[in-house]
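The structure file model12.txt is reproduced below (compact mmCIF, C-alpha atoms).
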# COMPACT_ATOMS: atom_id res chain seq x y z
CA MET P 1 -19.77 -4.98 58.62
CA ARG P 2 -22.34 -2.23 59.17
CA LYS P 3 -25.67 -3.33 60.64
CA VAL P 4 -28.46 -3.14 58.07
CA THR P 5 -31.38 -1.19 59.47
CA MET P 6 -34.80 -2.39 58.39
CA THR P 7 -37.52 0.14 57.68
CA PRO P 8 -41.25 -0.25 57.17
CA LEU P 9 -40.65 -0.16 53.42
CA ALA P 10 -37.99 -2.89 53.62
CA ASP P 11 -40.34 -4.93 55.81
CA TYR P 12 -43.10 -4.52 53.20
CA TYR P 13 -40.92 -5.95 50.41
CA ARG P 14 -39.57 -8.71 52.65
CA ASP P 15 -43.11 -9.83 53.50
CA ARG P 16 -44.14 -9.85 49.82
CA ALA P 17 -41.00 -11.35 48.27
CA ALA P 18 -42.79 -14.37 46.82
CA GLU P 19 -45.54 -12.33 45.16
CA TYR P 20 -43.70 -9.17 44.18
CA ASP P 21 -43.06 -10.00 40.51
CA THR P 22 -46.79 -10.01 39.76
CA VAL P 23 -46.39 -6.26 39.24
CA TYR P 24 -44.58 -7.11 35.98
CA ALA P 25 -47.55 -9.11 34.64
CA LYS P 26 -49.85 -6.11 34.27
CA PRO P 27 -50.95 -5.79 30.64
CA GLU P 28 -50.43 -2.03 30.53
CA ARG P 29 -46.73 -2.48 31.33
CA GLN P 30 -45.85 -5.02 28.64
CA CYS P 31 -44.75 -2.59 25.90
CA ASP P 32 -42.46 -0.68 28.26
CA LEU P 33 -41.05 -3.87 29.76
CA ALA P 34 -40.32 -5.31 26.32
CA ARG P 35 -38.51 -2.14 25.28
CA LEU P 36 -36.46 -2.04 28.48
CA THR P 37 -35.64 -5.75 28.28
CA ALA P 38 -34.33 -5.21 24.75
CA GLU P 39 -32.34 -2.05 25.59
CA LEU P 40 -30.68 -2.91 28.92
CA PRO P 41 -28.33 -5.63 27.67
CA ARG P 42 -26.77 -3.17 25.21
CA LEU P 43 -26.12 -0.67 28.02
CA VAL P 44 -24.23 -3.13 30.23
CA GLU P 45 -22.58 -5.32 27.60
CA GLY P 46 -19.31 -6.76 28.90
CA GLY P 47 -19.49 -4.67 32.07
CA ARG P 48 -19.28 -5.38 35.77
CA VAL P 49 -22.61 -4.22 37.15
CA LEU P 50 -23.54 -3.30 40.71
CA GLU P 51 -27.29 -3.72 41.03
CA ILE P 52 -28.75 -1.73 43.91
CA ALA P 53 -31.95 -3.01 45.56
CA GLY P 54 -32.10 -5.91 43.11
CA GLY P 55 -34.97 -7.55 44.94
CA THR P 56 -36.23 -10.74 43.36
CA GLY P 57 -33.82 -10.67 40.42
CA TYR P 58 -36.27 -9.67 37.70
CA TRP P 59 -33.82 -7.14 36.26
CA THR P 60 -30.76 -9.17 37.28
CA ARG P 61 -31.90 -11.74 34.74
CA VAL P 62 -32.00 -9.09 32.00
CA LEU P 63 -28.61 -7.63 32.97
CA SER P 64 -26.99 -11.08 33.06
CA ALA P 65 -27.73 -11.62 29.38
CA SER P 66 -24.78 -9.44 28.35
CA ALA P 67 -22.85 -8.17 31.38
CA ALA P 68 -19.62 -9.85 32.40
CA SER P 69 -20.82 -9.91 36.00
CA VAL P 70 -23.68 -8.71 38.13
CA THR P 71 -23.50 -8.18 41.87
CA ALA P 72 -27.12 -7.89 42.94
CA THR P 73 -27.68 -6.32 46.33
CA ASP P 74 -30.74 -5.97 48.49
CA ILE P 75 -31.51 -5.24 52.12
CA ASN P 76 -33.74 -8.33 52.39
CA ALA P 77 -32.53 -11.93 52.45
CA GLU P 78 -36.04 -13.05 51.50
CA THR P 79 -36.06 -11.24 48.17
CA LEU P 80 -32.55 -12.45 47.39
CA ASP P 81 -33.72 -16.01 48.09
CA VAL P 82 -36.29 -15.57 45.32
CA ALA P 83 -33.56 -14.11 43.08
CA ARG P 84 -31.20 -17.04 43.69
CA ALA P 85 -33.84 -19.45 42.36
CA ARG P 86 -33.91 -17.82 38.90
CA ASN P 87 -31.95 -18.84 35.83
CA TYR P 88 -29.46 -16.28 34.58
CA GLY P 89 -27.58 -15.55 31.39
CA PRO P 90 -23.89 -16.17 30.90
CA ALA P 91 -22.78 -13.42 33.33
CA SER P 92 -21.30 -14.31 36.68
CA VAL P 93 -24.10 -13.40 39.11
CA ASN P 94 -23.70 -13.10 42.86
CA PHE P 95 -25.95 -11.79 45.59
CA ARG P 96 -25.18 -9.70 48.66
CA ILE P 97 -27.29 -8.39 51.47
CA ALA P 98 -26.47 -4.70 51.51
CA ASP P 99 -27.99 -1.40 52.45
CA ALA P 100 -28.23 0.99 49.48
CA TYR P 101 -26.73 3.63 51.79
CA GLY P 102 -23.77 1.41 52.66
CA LEU P 103 -22.40 0.45 49.25
CA ASP P 104 -18.83 0.89 50.45
CA GLU P 105 -19.21 -2.54 52.06
CA VAL P 106 -19.94 -4.32 48.77
CA PRO P 107 -16.69 -5.81 47.43
CA GLY P 108 -15.68 -5.70 43.79
CA GLU P 109 -14.92 -3.32 40.96
CA PHE P 110 -17.77 -2.02 38.84
CA ASP P 111 -18.17 -0.30 35.50
CA ALA P 112 -21.82 0.57 36.03
CA ALA P 113 -24.62 0.67 38.56
CA PHE P 114 -28.21 -0.30 37.91
CA ILE P 115 -31.06 1.01 40.04
CA GLY P 116 -34.38 -0.55 39.07
CA PHE P 117 -37.46 0.86 40.76
CA PHE P 118 -35.66 1.96 43.92
CA TRP P 119 -35.11 5.65 43.06
CA SER P 120 -38.68 6.56 44.02
CA HIS P 121 -38.08 5.04 47.47
CA VAL P 122 -35.18 7.37 48.27
CA PRO P 123 -36.55 10.30 50.28
CA ARG P 124 -35.61 13.64 48.73
CA ALA P 125 -33.76 14.62 51.87
CA ASP P 126 -31.60 11.47 51.49
CA LEU P 127 -30.76 11.92 47.79
CA PRO P 128 -27.46 13.75 48.42
CA ARG P 129 -26.32 11.03 50.86
CA PHE P 130 -27.39 8.23 48.50
CA LEU P 131 -25.76 9.81 45.44
CA THR P 132 -22.56 10.65 47.29
CA GLY P 133 -22.30 7.04 48.50
CA LEU P 134 -22.95 5.76 44.99
CA ARG P 135 -20.35 8.06 43.44
CA ASP P 136 -17.80 7.21 46.12
CA ARG P 137 -18.40 3.48 45.56
CA LEU P 138 -18.23 3.54 41.76
CA GLY P 139 -15.61 6.19 41.19
CA ALA P 140 -15.63 8.84 38.51
CA LYS P 141 -17.22 8.60 35.07
CA LYS P 142 -19.11 5.35 35.55
CA ARG P 143 -22.48 4.62 34.00
CA VAL P 144 -25.54 4.72 36.25
CA ILE P 145 -28.78 3.36 34.83
CA VAL P 146 -31.99 4.23 36.66
CA LEU P 147 -35.47 2.85 35.92
CA ASP P 148 -38.55 3.89 37.82
CA ASN P 149 -42.21 4.68 37.38

Would you encode the structure as structure tokens?
Amino acid sequence: MRKVTMTPLADYYRDRAAEYDTVYAKPERQCDLARLTAELPRLVEGGRVLEIAGGTGYWTRVLSASAASVTATDINAETLDVARARNYGPASVNFRIADAYGLDEVPGEFDAAFIGFFWSHVPRADLPRFLTGLRDRLGAKKRVIVLDN
């Protein structure tokens, strides 16, 4: 298994795992969040979803409402600990510590990938490497859903 390299950004999210979801309570975000929460289940219905940088499981919960399975990955054990404490829909949900740049080490077959609020953390210079790794992991003609600010 490849060693996961922590970065200042990963350290930031690790240190704030217990408080991170407060960002979703902001009043100005409620309309967008409601729309996304209603739309996402349709996009992954019956699918096997690889969630990249799933963090505390906020979006894992939404995906699990209709997906067949969700494999939620994150670089931080602390955020995945928060995620494990949530209740999920009928989908089979499992969690894996994984580097978003090392998706080849995540076992399973997937019909889609979900990237929720991680895209903006990928440096432009690293986009080709990230996208190549994602394509190589998923295979051809798979759905990729990206949400970000």

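Nearest to Arg129 of chain P of all the residues P:Trp59, P:Phe95, P:Phe114, P:Tyr101 is P:Tyr101, counting only C-alpha atoms.
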
(Q) I want to know what sits within 10 Å of Arg86 of chain P, based on only C-alpha atoms, with residues of the same chain fewer than 5 positions away left out; could you give that as a list in words? (A) Thr56, Gly57, Tyr58, Thr60, Arg61 and Asp81 of chain P

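Of the listed residues P:Ser69, P:Ser64, P:Thr37, P:Asn87, the one whose atoms come nearest to Leu147 of chain P is P:Thr37, with distances taken using all atoms listed in the file.
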
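Nearest to Phe130 of chain P of all the residues P:Lys142, P:Ala100, P:Asn149, P:Lys26 is P:Ala100, counting only C-alpha atoms.
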
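The gap separating atom CA of Val70 of chain P from atom CA of Ala113 of chain P is 9.4 Å, in Å to one decimal.
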
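All residues of protein, DNA or RNA that reach within 10 Å of Leu43 of chain P, judged by all atoms listed in the file and not counting those fewer than 2 positions away in the chain, are Ala38, Glu39, Leu40, Pro41, Glu45, Gly46, Gly47, Leu63, Ser66, Ala67, Ala112, Arg143, Val144 and Ile145 of chain P.
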
From atom CA of Asn94 of chain P to atom CA of Thr132 of chain P the spacing works out at 24.2 Å

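Distances to Val122 of chain P were evaluated for P:Ile52, P:Val62, P:Glu78, P:Ala140 using only C-alpha atoms, and the minimum falls at P:Ile52.
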
Separating atom CA of Ala72 of chain P from atom CA of Leu36 of chain P, to the nearest tenth of an Å, is a gap of 18.2 Å

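Ranking P:Thr22, P:Ile115, P:Arg96, P:Glu105 by their shortest atom-to-atom distance to Arg137 of chain P, with all atoms listed in the file included, puts P:Glu105 first.
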
Test item: axis-aligned box, all listed atoms of segment 118-135 of chain P, 3 Å on each side, centre and edges in Å rounded to one decimal, as JSON:
{"center_x": -29.5, "center_y": 8.3, "center_z": 47.5, "size_x": 24.3, "size_y": 18.7, "size_z": 14.8}

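In terms of minimum interatomic distance to Gly116 of chain P, P:Gly55 ranks closest within P:Gly55, P:Gly139, P:Pro128, P:Pro27, counting all atoms listed in the file.
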
With all heavy atoms as the target, complete segment 19-30 of chain P and hand it back as a PDB file, in the coordinates of the input.
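Written file, selection_18.pdb:
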ATOM      1  N   GLU P  19     -44.480 -12.797  46.060  1.00  0.00           N
ATOM      2  CA  GLU P  19     -45.540 -12.330  45.160  1.00  0.00           C
ATOM      3  C   GLU P  19     -45.174 -11.054  44.398  1.00  0.00           C
ATOM      4  O   GLU P  19     -45.926 -10.599  43.546  1.00  0.00           O
ATOM      5  CB  GLU P  19     -46.823 -12.070  45.957  1.00  0.00           C
ATOM      6  CG  GLU P  19     -46.681 -10.910  46.922  1.00  0.00           C
ATOM      7  CD  GLU P  19     -47.799 -10.791  47.930  1.00  0.00           C
ATOM      8  OE1 GLU P  19     -48.057 -11.771  48.651  1.00  0.00           O
ATOM      9  OE2 GLU P  19     -48.405  -9.715  47.999  1.00  0.00           O
ATOM     10  N   TYR P  20     -44.005 -10.500  44.686  1.00  0.00           N
ATOM     11  CA  TYR P  20     -43.700  -9.170  44.180  1.00  0.00           C
ATOM     12  C   TYR P  20     -43.679  -9.074  42.649  1.00  0.00           C
ATOM     13  O   TYR P  20     -44.118  -8.080  42.083  1.00  0.00           O
ATOM     14  CB  TYR P  20     -42.380  -8.648  44.740  1.00  0.00           C
ATOM     15  CG  TYR P  20     -42.159  -7.226  44.317  1.00  0.00           C
ATOM     16  CD1 TYR P  20     -42.918  -6.217  44.879  1.00  0.00           C
ATOM     17  CD2 TYR P  20     -41.274  -6.898  43.309  1.00  0.00           C
ATOM     18  CE1 TYR P  20     -42.775  -4.902  44.462  1.00  0.00           C
ATOM     19  CE2 TYR P  20     -41.132  -5.600  42.891  1.00  0.00           C
ATOM     20  CZ  TYR P  20     -41.875  -4.607  43.474  1.00  0.00           C
ATOM     21  OH  TYR P  20     -41.748  -3.320  43.049  1.00  0.00           O
ATOM     22  N   ASP P  21     -43.197 -10.080  41.976  1.00  0.00           N
ATOM     23  CA  ASP P  21     -43.060 -10.000  40.510  1.00  0.00           C
ATOM     24  C   ASP P  21     -44.383  -9.933  39.766  1.00  0.00           C
ATOM     25  O   ASP P  21     -44.395  -9.672  38.567  1.00  0.00           O
ATOM     26  CB  ASP P  21     -42.238 -11.179  39.996  1.00  0.00           C
ATOM     27  CG  ASP P  21     -40.756 -10.992  40.247  1.00  0.00           C
ATOM     28  OD1 ASP P  21     -40.360  -9.936  40.777  1.00  0.00           O
ATOM     29  OD2 ASP P  21     -39.998 -11.909  39.920  1.00  0.00           O
ATOM     30  N   THR P  22     -45.494 -10.138  40.447  1.00  0.00           N
ATOM     31  CA  THR P  22     -46.790 -10.010  39.760  1.00  0.00           C
ATOM     32  C   THR P  22     -46.991  -8.607  39.201  1.00  0.00           C
ATOM     33  O   THR P  22     -47.757  -8.430  38.252  1.00  0.00           O
ATOM     34  CB  THR P  22     -47.969 -10.379  40.687  1.00  0.00           C
ATOM     35  OG1 THR P  22     -47.952  -9.519  41.818  1.00  0.00           O
ATOM     36  CG2 THR P  22     -47.900 -11.840  41.113  1.00  0.00           C
ATOM     37  N   VAL P  23     -46.289  -7.635  39.748  1.00  0.00           N
ATOM     38  CA  VAL P  23     -46.390  -6.260  39.240  1.00  0.00           C
ATOM     39  C   VAL P  23     -45.950  -6.196  37.770  1.00  0.00           C
ATOM     40  O   VAL P  23     -46.433  -5.360  37.005  1.00  0.00           O
ATOM     41  CB  VAL P  23     -45.577  -5.281  40.120  1.00  0.00           C
ATOM     42  CG1 VAL P  23     -44.077  -5.488  39.944  1.00  0.00           C
ATOM     43  CG2 VAL P  23     -45.964  -3.851  39.862  1.00  0.00           C
ATOM     44  N   TYR P  24     -45.078  -7.101  37.357  1.00  0.00           N
ATOM     45  CA  TYR P  24     -44.580  -7.110  35.980  1.00  0.00           C
ATOM     46  C   TYR P  24     -45.527  -7.805  35.008  1.00  0.00           C
ATOM     47  O   TYR P  24     -45.292  -7.788  33.812  1.00  0.00           O
ATOM     48  CB  TYR P  24     -43.203  -7.770  35.921  1.00  0.00           C
ATOM     49  CG  TYR P  24     -42.158  -7.005  36.684  1.00  0.00           C
ATOM     50  CD1 TYR P  24     -41.561  -7.540  37.814  1.00  0.00           C
ATOM     51  CD2 TYR P  24     -41.761  -5.735  36.283  1.00  0.00           C
ATOM     52  CE1 TYR P  24     -40.597  -6.836  38.523  1.00  0.00           C
ATOM     53  CE2 TYR P  24     -40.812  -5.018  36.984  1.00  0.00           C
ATOM     54  CZ  TYR P  24     -40.231  -5.578  38.110  1.00  0.00           C
ATOM     55  OH  TYR P  24     -39.283  -4.875  38.804  1.00  0.00           O
ATOM     56  N   ALA P  25     -46.593  -8.409  35.507  1.00  0.00           N
ATOM     57  CA  ALA P  25     -47.550  -9.110  34.640  1.00  0.00           C
ATOM     58  C   ALA P  25     -48.684  -8.215  34.166  1.00  0.00           C
ATOM     59  O   ALA P  25     -49.486  -8.645  33.341  1.00  0.00           O
ATOM     60  CB  ALA P  25     -48.115 -10.318  35.376  1.00  0.00           C
ATOM     61  N   LYS P  26     -48.753  -7.001  34.646  1.00  0.00           N
ATOM     62  CA  LYS P  26     -49.850  -6.110  34.270  1.00  0.00           C
ATOM     63  C   LYS P  26     -49.803  -5.809  32.779  1.00  0.00           C
ATOM     64  O   LYS P  26     -48.761  -5.417  32.253  1.00  0.00           O
ATOM     65  CB  LYS P  26     -49.791  -4.819  35.079  1.00  0.00           C
ATOM     66  CG  LYS P  26     -50.044  -5.044  36.551  1.00  0.00           C
ATOM     67  CD  LYS P  26     -50.060  -3.749  37.312  1.00  0.00           C
ATOM     68  CE  LYS P  26     -50.401  -4.005  38.778  1.00  0.00           C
ATOM     69  NZ  LYS P  26     -50.577  -2.760  39.507  1.00  0.00           N
ATOM     70  N   PRO P  27     -50.924  -5.988  32.092  1.00  0.00           N
ATOM     71  CA  PRO P  27     -50.950  -5.790  30.640  1.00  0.00           C
ATOM     72  C   PRO P  27     -50.477  -4.410  30.191  1.00  0.00           C
ATOM     73  O   PRO P  27     -49.780  -4.294  29.182  1.00  0.00           O
ATOM     74  CB  PRO P  27     -52.437  -6.001  30.276  1.00  0.00           C
ATOM     75  CG  PRO P  27     -52.980  -6.833  31.373  1.00  0.00           C
ATOM     76  CD  PRO P  27     -52.213  -6.457  32.608  1.00  0.00           C
ATOM     77  N   GLU P  28     -50.812  -3.390  30.924  1.00  0.00           N
ATOM     78  CA  GLU P  28     -50.430  -2.030  30.530  1.00  0.00           C
ATOM     79  C   GLU P  28     -48.929  -1.768  30.611  1.00  0.00           C
ATOM     80  O   GLU P  28     -48.431  -0.767  30.096  1.00  0.00           O
ATOM     81  CB  GLU P  28     -51.189  -0.983  31.369  1.00  0.00           C
ATOM     82  CG  GLU P  28     -50.831  -0.958  32.837  1.00  0.00           C
ATOM     83  CD  GLU P  28     -51.658  -1.898  33.721  1.00  0.00           C
ATOM     84  OE1 GLU P  28     -52.276  -2.846  33.186  1.00  0.00           O
ATOM     85  OE2 GLU P  28     -51.662  -1.694  34.938  1.00  0.00           O
ATOM     86  N   ARG P  29     -48.181  -2.656  31.203  1.00  0.00           N
ATOM     87  CA  ARG P  29     -46.730  -2.480  31.330  1.00  0.00           C
ATOM     88  C   ARG P  29     -45.930  -3.250  30.284  1.00  0.00           C
ATOM     89  O   ARG P  29     -44.713  -3.095  30.188  1.00  0.00           O
ATOM     90  CB  ARG P  29     -46.291  -2.899  32.723  1.00  0.00           C
ATOM     91  CG  ARG P  29     -46.892  -2.008  33.775  1.00  0.00           C
ATOM     92  CD  ARG P  29     -46.324  -2.234  35.102  1.00  0.00           C
ATOM     93  NE  ARG P  29     -46.854  -1.207  36.011  1.00  0.00           N
ATOM     94  CZ  ARG P  29     -46.703  -1.209  37.289  1.00  0.00           C
ATOM     95  NH1 ARG P  29     -46.025  -2.178  37.855  1.00  0.00           N
ATOM     96  NH2 ARG P  29     -47.211  -0.249  38.024  1.00  0.00           N
ATOM     97  N   GLN P  30     -46.566  -4.098  29.517  1.00  0.00           N
ATOM     98  CA  GLN P  30     -45.850  -5.020  28.640  1.00  0.00           C
ATOM     99  C   GLN P  30     -45.021  -4.330  27.563  1.00  0.00           C
ATOM    100  O   GLN P  30     -43.897  -4.755  27.288  1.00  0.00           O
ATOM    101  CB  GLN P  30     -46.808  -6.047  28.039  1.00  0.00           C
ATOM    102  CG  GLN P  30     -47.491  -6.916  29.090  1.00  0.00           C
ATOM    103  CD  GLN P  30     -46.527  -7.439  30.143  1.00  0.00           C
ATOM    104  OE1 GLN P  30     -45.575  -8.159  29.822  1.00  0.00           O
ATOM    105  NE2 GLN P  30     -46.746  -7.076  31.404  1.00  0.00           N
TER     106      GLN P  30
END
